[in-house]
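As stored in query_0.cif (mmCIF, C-alpha atoms):
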data_start
loop_
_atom_site.group_PDB
_atom_site.id
_atom_site.type_symbol
_atom_site.label_atom_id
_atom_site.label_comp_id
_atom_site.auth_asym_id
_atom_site.auth_seq_id
_atom_site.Cartn_x
_atom_site.Cartn_y
_atom_site.Cartn_z
ATOM 1 C CA MET A 1 0.000 0.000 0.000
ATOM 2 C CA GLN A 2 1.029 3.557 -0.595
ATOM 3 C CA GLY A 3 1.607 6.138 2.101
ATOM 4 C CA LEU A 4 -0.694 9.085 2.728
ATOM 5 C CA SER A 5 -0.107 12.760 3.433
ATOM 6 C CA ALA A 6 -3.255 14.252 4.995
ATOM 7 C CA ILE A 7 -3.363 18.023 4.542
ATOM 8 C CA ILE A 8 -5.747 19.599 7.070
ATOM 9 C CA LEU A 9 -6.632 23.289 6.928
ATOM 10 C CA SER A 10 -7.433 24.929 10.260
ATOM 11 C CA TYR A 11 -7.964 28.341 11.825
ATOM 12 C CA THR A 12 -7.259 27.615 15.488
ATOM 13 C CA LYS A 13 -8.630 30.612 17.333
ATOM 14 C CA SER A 14 -10.604 28.892 20.100
ATOM 15 C CA GLU A 15 -10.558 25.752 22.213
ATOM 16 C CA LYS A 16 -13.663 24.529 20.351
ATOM 17 C CA ILE A 17 -11.900 24.712 16.971
ATOM 18 C CA HIS A 18 -8.754 23.167 18.433
ATOM 19 C CA ARG A 19 -10.805 20.243 19.805
ATOM 20 C CA MET A 20 -12.534 19.796 16.433
ATOM 21 C CA THR A 21 -9.155 19.572 14.688
ATOM 22 C CA LEU A 22 -7.873 17.122 17.300
ATOM 23 C CA ASP A 23 -10.995 14.977 16.738
ATOM 24 C CA CYS A 24 -10.267 15.022 13.004
ATOM 25 C CA ILE A 25 -6.671 13.905 13.619
ATOM 26 C CA LEU A 26 -7.721 11.179 16.061
ATOM 27 C CA SER A 27 -10.376 9.811 13.703
ATOM 28 C CA LEU A 28 -7.759 9.740 10.932
ATOM 29 C CA VAL A 29 -5.208 7.870 13.037
ATOM 30 C CA LEU A 30 -7.821 5.365 14.238
ATOM 31 C CA SER A 31 -9.390 4.861 10.796
ATOM 32 C CA GLU A 32 -6.656 2.505 9.563
ATOM 33 C CA ASP A 33 -3.770 0.438 10.797
ATOM 34 C CA PHE A 34 -1.363 2.647 8.870
ATOM 35 C CA ILE A 35 1.596 0.466 9.810
ATOM 36 C CA HIS A 36 0.107 -2.238 7.574
ATOM 37 C CA VAL A 37 -1.544 -0.146 4.844
ATOM 38 C CA GLY A 38 1.159 2.495 4.389
ATOM 39 C CA SER A 39 2.720 5.367 6.257
ATOM 40 C CA LEU A 40 0.765 8.375 7.434
ATOM 41 C CA GLU A 41 1.903 11.989 7.452
ATOM 42 C CA ILE A 42 -0.384 14.635 8.954
ATOM 43 C CA ILE A 43 0.146 18.268 7.965
ATOM 44 C CA ILE A 44 -1.888 21.103 9.483
ATOM 45 C CA VAL A 45 -1.841 24.331 7.475
ATOM 46 C CA GLU A 46 -2.782 26.855 10.144
ATOM 47 C CA SER A 47 -4.454 30.149 9.181
ATOM 48 C CA ASN A 48 -4.045 31.752 12.618
ATOM 49 C CA ARG A 49 -0.726 33.578 12.359
ATOM 50 C CA ASN A 50 -0.668 33.900 16.154
ATOM 51 C CA TYR A 51 -0.934 30.117 16.564
ATOM 52 C CA LEU A 52 2.683 29.746 17.708
ATOM 53 C CA ASP A 53 2.132 32.331 20.476
ATOM 54 C CA GLN A 54 -0.905 30.511 21.867
ATOM 55 C CA GLU A 55 -1.152 27.365 23.952
ATOM 56 C CA PHE A 56 -2.852 25.176 21.347
ATOM 57 C CA THR A 57 -0.753 22.146 20.485
ATOM 58 C CA TYR A 58 -1.084 19.069 18.335
ATOM 59 C CA PRO A 59 0.587 15.658 18.720
ATOM 60 C CA ASP A 60 4.332 15.611 18.040
ATOM 61 C CA ASN A 61 3.875 13.576 14.854
ATOM 62 C CA VAL A 62 1.734 16.343 13.312
ATOM 63 C CA LYS A 63 3.565 18.921 11.210
ATOM 64 C CA VAL A 64 2.107 22.425 11.615
ATOM 65 C CA ILE A 65 2.768 25.029 8.938
ATOM 66 C CA VAL A 66 1.823 28.669 9.581
ATOM 67 C CA PRO A 67 2.146 30.459 6.221
ATOM 68 C CA ASP A 68 3.262 34.073 6.215
ATOM 69 C CA VAL A 69 0.842 34.975 3.413
ATOM 70 C CA PRO A 70 -2.841 35.958 3.686
ATOM 71 C CA PHE A 71 -5.331 33.089 3.726
ATOM 72 C CA ASN A 72 -6.301 31.685 0.368
ATOM 73 C CA PHE A 73 -8.057 28.310 0.442
ATOM 74 C CA HIS A 74 -6.415 26.871 -2.657
ATOM 75 C CA GLY A 75 -3.095 28.543 -1.929
ATOM 76 C CA TYR A 76 -2.987 27.014 1.545
ATOM 77 C CA LEU A 77 -3.844 23.591 0.128
ATOM 78 C CA ASN A 78 -0.950 24.015 -2.307
ATOM 79 C CA ILE A 79 1.381 24.881 0.579
ATOM 80 C CA GLY A 80 0.395 21.619 2.239
ATOM 81 C CA ILE A 81 0.812 19.657 -0.995
ATOM 82 C CA LEU A 82 4.313 21.072 -1.472
ATOM 83 C CA ALA A 83 5.228 19.921 2.056
ATOM 84 C CA ALA A 84 3.797 16.425 1.536
ATOM 85 C CA THR A 85 6.216 13.514 1.242
ATOM 86 C CA GLN A 86 3.846 10.595 0.610
ATOM 87 C CA PRO A 87 2.630 9.433 -2.826
ATOM 88 C CA MET A 88 -1.074 9.894 -1.993
ATOM 89 C CA VAL A 89 -2.549 13.147 -0.668
ATOM 90 C CA ALA A 90 -5.886 13.827 1.050
ATOM 91 C CA LEU A 91 -7.065 17.451 1.191
ATOM 92 C CA CYS A 92 -9.172 17.880 4.317
ATOM 93 C CA ASN A 93 -11.071 20.407 6.353
ATOM 94 C CA ASN A 94 -10.620 20.183 10.109
ATOM 95 C CA ASP A 95 -14.265 19.180 10.704
ATOM 96 C CA LEU A 96 -13.848 15.899 8.817
ATOM 97 C CA LEU A 97 -14.269 12.617 10.699
ATOM 98 C CA PHE A 98 -12.745 9.603 8.956
ATOM 99 C CA HIS A 99 -14.528 6.241 8.712
ATOM 100 C CA LYS A 100 -12.763 2.942 9.388
ATOM 101 C CA GLY A 101 -11.192 1.460 6.281
ATOM 102 C CA TRP A 102 -11.628 4.483 4.010
ATOM 103 C CA PHE A 103 -8.005 4.643 2.892
ATOM 104 C CA LYS A 104 -7.630 0.940 2.239
ATOM 105 C CA ALA A 105 -10.797 1.038 0.138
ATOM 106 C CA ILE A 106 -9.433 3.716 -2.213
ATOM 107 C CA SER A 107 -5.742 2.796 -2.366
#

Show how you would write the structure in this file as structure tokens.
Amino acid sequence: MQGLSAIILSYTKSEKIHRMTLDCILSLVLSEDFIHVGSLEIIIVESNRNYLDQEFTYPDNVKVIVPDVPFNFHGYLNIGILAATQPMVALCNNDLLFHKGWFKAIS
């Protein structure tokens, strides 16, 4: 199986949004046994330029990119794609909850 880079766009400005993004990440990690179906890379492209000054954090295995350009939906997706290292890419909003077996079914 091929590896996956999941690009997740977020604007972390409240605990509620942070929790929603964490739920997205957790559902992704639990949706597959990525050790057996391929490697998983999670990239958050964060719209909140003050993110690094706040206390919101994500798991250590999640790469967070805070672009220094104004938000542009497609531009931010492209930033995530350029950072991706896996052969397959999923473009995701942070309110997405992944179903078990979704990646194996499409790869």

Output of the PyMOL selection byres ((chain A and resi 28) around 9), listed as a VMD selection string:
chain A and resid 6 23 to 27 29 to 32 96 to 100

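With all atoms listed in the file as the basis for measurement, A:Tyr11 is the residue among A:Ala90, A:Tyr76, A:Ser5, A:Tyr11 that approaches Tyr51 of chain A most closely.
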
Got a sec: who's within 9 Å of Lys63 of chain A, counting all atoms listed in the file, leaving out chain neighbours fewer than 4 positions off, as a PyMOL selection string?
chain A and resi 41-45+58-59

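You will find atom CA of Asp53 of chain A at 22.4 Å from atom CA of Ala83 of chain A.
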
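In this structure, atom CA of Cys92 of chain A sits 10.5 Å away from atom CA of Gly80 of chain A.
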
Selection: 10 Å around Phe71 of chain A, all atoms listed in the file, excl. self and same-chain fewer than 3 positions, as a PyMOL selection string
chain A and resi 11+46-49+67-68+74-76

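Atom to atom, atom CA of Glu15 of chain A and atom CA of Gln54 of chain A stand 10.8 Å apart.
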
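Applied to this file, the PyMOL selection byres ((chain A and resi 38) around 8) selects the residues Met1, Gln2, Gly3, Leu4, Phe34, Ile35, His36, Val37, Ser39 and Leu40 of chain A.
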
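With only C-alpha atoms as the atoms that count, the residue of A:Asp60, A:Phe73, A:Ile17, A:Ser107 with the shortest distance to Leu91 of chain A is A:Phe73.
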
Just so I have it separately, write segment 37-54 of chain A from the block I sent, keeping C-alpha atoms, as a short mmCIF file (atom, residue, chain, number, x, y, z; two decimals), in the first residue's frame.
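Saved as decode_34.cif:
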data_model
loop_
_atom_site.label_atom_id
_atom_site.label_comp_id
_atom_site.auth_asym_id
_atom_site.auth_seq_id
_atom_site.Cartn_x
_atom_site.Cartn_y
_atom_site.Cartn_z
CA VAL A 37 -1.54 -0.15 4.84
CA GLY A 38 1.16 2.50 4.39
CA SER A 39 2.72 5.37 6.26
CA LEU A 40 0.77 8.38 7.43
CA GLU A 41 1.90 11.99 7.45
CA ILE A 42 -0.38 14.64 8.95
CA ILE A 43 0.15 18.27 7.96
CA ILE A 44 -1.89 21.10 9.48
CA VAL A 45 -1.84 24.33 7.48
CA GLU A 46 -2.78 26.86 10.14
CA SER A 47 -4.45 30.15 9.18
CA ASN A 48 -4.04 31.75 12.62
CA ARG A 49 -0.73 33.58 12.36
CA ASN A 50 -0.67 33.90 16.15
CA TYR A 51 -0.93 30.12 16.56
CA LEU A 52 2.68 29.75 17.71
CA ASP A 53 2.13 32.33 20.48
CA GLN A 54 -0.91 30.51 21.87
#
